[in-house]
Amino acid sequence: MIKLLLADDQRLVRAGFKSILDGEDDVDVVAEAANGTEAIALTRSARPDVVLMDIRMPELDGLAATREIVRVSDARVIILTTFDLDDYVYGALRAGASGFLVKDTEPMELIHAVRVVARGDALLAPAVTRKLIAEFAGRVDRPAPSPRLNSLTDREREVMVLVAAGLSNDEIAAKLVLSPATAKTHVSRIMTKLGVRDRAQLVVLAYESAMITPGWMSTRDVGDRH
């Protein structure tokens with residue numbers, strides 16, 4: 001059973017998400033928060049597996065709340081936002097969020113997203129995710145490349161670049177002529193070596209370390225994945 005916390009200052013929005021998610025046999029909405037402060041407190045008490053987190057909330061916004069939740073728990077955070085995204089999205093991924101959804105997403109996509117993140121994967125499937133991460137990565141100041149990258153083999157660097165391009169393990173396997181199991185092993189080892197939680201954090205680190213740059217990806221390079 002996936003334990004879920006909803007964090008949004010609009011009661012109707014929470015009610016809508018709850019009505020969709022509570023109808024699933026493997027999802028249980030265990031708590032609701034109206035602001036970031038409540039979200040942190042309820043994460044400690046209810047111990048959710050996944051938090052659906054709105055960006056803009058009173059008292060404490062979703063970005064600050066995400067950073068604290070990731071610090072004090074194993075809960076994974078999905079950021080909820082409107083389609084006209086702002087710089088908070090990239091900041092949220094840097095803070096430790098596992099991905100984001102637009103609020104008008106289809107119900108089945110919402111359910112799928114919760115399941116994907118709950119099993120430890122990042123929510124990177126929508127093409128808009130790669131586009132927006134690339135856009136925001138070009139706007140923010142980048143820290144110096146992490147010395148942890150020196151621990152990667154040439155093959156692992158190649159795999160990490162493809163992860164940052166939004167490719168799945170199966171797609172990486174096909175592109176590099178590997179078995180899907182080998183591709184998955186490479187990704188797992190990379191995350192272990194770099195000490196990151198999931199694929200979303202690999203994407204952020206790849207951009208910040210200039211392993212991949214905004215505009216690098218094109219349909220010619222990785223295929224159109226809409």
# chains A, B, ... in the order shown; residues from 1 in each chain; ligands from 1
>>> select_by_dssp(residues="range 14-220 of chain A", states="strand (DSSP E or B)", output="list in words")
Val27, Asp28, Val29, Val30, Ala31, Glu32, Ala33, Val50, Val51, Leu52, Met53, Asp54, Arg76, Val77, Ile78, Ile79, Leu80, Thr81, Gly99, Phe100, Leu101, Val102 and Leu123 of chain A
>>> select_by_dssp(residues="range 21-199 of chain A", states="alpha helix (DSSP H)", output="PyMOL selection string")
chain A and resi 21+36-46+62-72+88-95+107-118+127-137+154-164+169-176+180-194+199
>>> closest_residue(among="A:Phe17, A:Ala181, A:Lys193, A:Asp49", to="Asp104 in chain A", atoms="only C-alpha atoms")
A:Phe17
>>> residues_around(residues="Ser188 in chain A", least_positions_apart="5", cutoff="10 Å", atoms="only C-alpha atoms", output="mmCIF file with N, CA and C atoms, in the first residue's frame")
data_model
loop_
_atom_site.group_PDB
_atom_site.id
_atom_site.type_symbol
_atom_site.label_atom_id
_atom_site.label_comp_id
_atom_site.auth_asym_id
_atom_site.auth_seq_id
_atom_site.Cartn_x
_atom_site.Cartn_y
_atom_site.Cartn_z
ATOM 1 N N THR A 182 21.444 -4.876 -17.833
ATOM 2 C CA THR A 182 22.754 -4.225 -17.716
ATOM 3 C C THR A 182 22.595 -2.715 -17.612
ATOM 4 N N ALA A 183 21.691 -2.169 -18.410
ATOM 5 C CA ALA A 183 21.445 -0.729 -18.340
ATOM 6 C C ALA A 183 20.946 -0.339 -16.955
ATOM 7 N N LYS A 193 27.181 5.539 -6.496
ATOM 8 C CA LYS A 193 28.460 6.253 -6.472
ATOM 9 C C LYS A 193 28.281 7.742 -6.200
ATOM 10 N N VAL A 196 22.864 9.881 -4.954
ATOM 11 C CA VAL A 196 21.613 10.571 -5.282
ATOM 12 C C VAL A 196 20.438 9.631 -5.064
ATOM 13 N N ASP A 198 17.449 9.403 -6.840
ATOM 14 C CA ASP A 198 16.750 8.836 -7.989
ATOM 15 C C ASP A 198 17.210 9.489 -9.276
ATOM 16 N N ARG A 199 16.545 9.157 -10.367
ATOM 17 C CA ARG A 199 16.946 9.640 -11.686
ATOM 18 C C ARG A 199 16.801 11.159 -11.811
#
>>> atom_distance(atom1="CA of Gly23 in chain A", atom2="CA of Leu63 in chain A")
28.5 Å
>>> residues_around(residues="Val116 in chain A", least_positions_apart="3", cutoff="12 Å", atoms="only C-alpha atoms", output="ChimeraX atom specification")
/A:2,49-50,76-78,98-100,109-113,119-125,198-199
>>> residues_around(residues="Arg67 in chain A", least_positions_apart="6", cutoff="10 Å", atoms="only C-alpha atoms", output="PyMOL selection string")
chain A and resi 40+77+91-97
>>> closest_residue(among="A:Asp154, A:Asp8, A:Glu208, A:Asp170", to="Arg56 in chain A", atoms="only C-alpha atoms")
A:Asp8
>>> closest_residue(among="A:Gln10, A:Val114, A:Thr81, A:Val102", to="Pro48 in chain A", atoms="only C-alpha atoms")
A:Val114
>>> closest_residue(among="A:Ala34, A:Met160, A:Leu176, A:Leu167", to="Ala206 in chain A", atoms="only C-alpha atoms")
A:Met160
>>> residues_around(residues="Gly36 in chain A", least_positions_apart="4", cutoff="10 Å", atoms="only C-alpha atoms", output="MDAnalysis selection string")
chainID A and resid 7:9 40:42 53:66 68:69
>>> write_last_selection(atoms="N, CA and C atoms", output="compact mmCIF listing (two decimals), in the first residue's frame")
# COMPACT_ATOMS: atom_id res chain seq x y z
N ALA A 7 -0.48 17.96 -0.12
CA ALA A 7 -0.16 19.28 0.42
C ALA A 7 -0.53 20.36 -0.59
N ASP A 8 -1.62 21.06 -0.33
CA ASP A 8 -2.10 22.12 -1.21
C ASP A 8 -2.99 23.03 -0.38
N ASP A 9 -2.86 24.34 -0.58
CA ASP A 9 -3.64 25.26 0.25
C ASP A 9 -5.09 25.37 -0.21
N ILE A 40 5.41 19.24 6.56
CA ILE A 40 6.58 18.70 7.25
C ILE A 40 6.17 17.94 8.50
N ALA A 41 5.29 18.55 9.30
CA ALA A 41 4.85 17.92 10.54
C ALA A 41 4.12 16.60 10.26
N LEU A 42 3.27 16.60 9.24
CA LEU A 42 2.50 15.39 8.92
C LEU A 42 3.38 14.32 8.29
N MET A 53 3.05 17.79 -3.56
CA MET A 53 3.36 19.08 -2.95
C MET A 53 3.11 20.24 -3.90
N ASP A 54 2.21 21.13 -3.49
CA ASP A 54 2.01 22.36 -4.25
C ASP A 54 3.21 23.29 -4.04
N ILE A 55 3.53 24.07 -5.06
CA ILE A 55 4.67 24.99 -4.94
C ILE A 55 4.32 26.20 -4.08
N ARG A 56 3.22 26.85 -4.39
CA ARG A 56 2.88 28.11 -3.72
C ARG A 56 1.85 27.87 -2.64
N MET A 57 2.29 27.99 -1.38
CA MET A 57 1.42 27.82 -0.23
C MET A 57 1.79 28.85 0.83
N PRO A 58 0.85 29.19 1.71
CA PRO A 58 1.15 30.15 2.78
C PRO A 58 2.05 29.56 3.85
N GLU A 59 2.62 30.44 4.65
CA GLU A 59 3.49 30.10 5.79
C GLU A 59 4.84 29.55 5.34
N LEU A 60 4.83 28.46 4.59
CA LEU A 60 6.08 27.88 4.08
C LEU A 60 5.78 27.30 2.71
N ASP A 61 6.53 27.72 1.69
CA ASP A 61 6.21 27.26 0.34
C ASP A 61 6.69 25.83 0.10
N GLY A 62 6.28 25.29 -1.04
CA GLY A 62 6.58 23.90 -1.34
C GLY A 62 8.06 23.63 -1.52
N LEU A 63 8.81 24.61 -1.98
CA LEU A 63 10.25 24.43 -2.16
C LEU A 63 10.95 24.21 -0.82
N ALA A 64 10.69 25.08 0.14
CA ALA A 64 11.30 24.94 1.46
C ALA A 64 10.82 23.66 2.14
N ALA A 65 9.54 23.36 1.99
CA ALA A 65 9.00 22.16 2.61
C ALA A 65 9.61 20.90 2.01
N THR A 66 9.80 20.89 0.70
CA THR A 66 10.42 19.74 0.04
C THR A 66 11.83 19.51 0.55
N GLU A 68 13.10 20.24 3.39
CA GLU A 68 13.09 19.71 4.76
C GLU A 68 12.57 18.27 4.80
N ILE A 69 11.55 17.99 4.02
CA ILE A 69 10.99 16.63 4.00
C ILE A 69 12.02 15.62 3.52
>>> closest_residue(among="A:Arg14, A:Arg71, A:Arg155, A:Arg47", to="Asn35 in chain A", atoms="only C-alpha atoms")
A:Arg14
>>> residues_around(residues="Asn169 in chain A", least_positions_apart="3", cutoff="10 Å", atoms="only C-alpha atoms", output="PyMOL selection string")
chain A and resi 159+162-163+166+172-175+178-187
>>> decode(residues="range 163-186 of chain A", atoms="C-alpha atoms", output="mmCIF file, in the first residue's frame")
data_model
loop_
_atom_site.group_PDB
_atom_site.id
_atom_site.type_symbol
_atom_site.label_atom_id
_atom_site.label_comp_id
_atom_site.auth_asym_id
_atom_site.auth_seq_id
_atom_site.Cartn_x
_atom_site.Cartn_y
_atom_site.Cartn_z
ATOM 1 C CA VAL A 163 19.446 9.387 -18.277
ATOM 2 C CA ALA A 164 19.662 13.182 -18.317
ATOM 3 C CA ALA A 165 18.177 13.126 -21.810
ATOM 4 C CA GLY A 166 15.114 11.423 -20.343
ATOM 5 C CA LEU A 167 15.677 7.944 -21.753
ATOM 6 C CA SER A 168 14.323 4.904 -19.938
ATOM 7 C CA ASN A 169 16.493 1.904 -19.107
ATOM 8 C CA ASP A 170 15.107 0.036 -22.118
ATOM 9 C CA GLU A 171 15.881 2.962 -24.415
ATOM 10 C CA ILE A 172 19.387 3.290 -23.003
ATOM 11 C CA ALA A 173 19.908 -0.423 -23.563
ATOM 12 C CA ALA A 174 18.798 -0.152 -27.185
ATOM 13 C CA LYS A 175 20.957 2.888 -27.882
ATOM 14 C CA LEU A 176 24.107 1.392 -26.337
ATOM 15 C CA VAL A 177 23.375 -2.179 -27.475
ATOM 16 C CA LEU A 178 23.098 -3.518 -23.928
ATOM 17 C CA SER A 179 20.585 -5.735 -22.207
ATOM 18 C CA PRO A 180 17.932 -3.849 -20.205
ATOM 19 C CA ALA A 181 19.241 -5.543 -17.039
ATOM 20 C CA THR A 182 22.754 -4.225 -17.716
ATOM 21 C CA ALA A 183 21.445 -0.729 -18.340
ATOM 22 C CA LYS A 184 19.501 -0.865 -15.068
ATOM 23 C CA THR A 185 22.633 -2.046 -13.231
ATOM 24 C CA HIS A 186 24.640 0.845 -14.658
#
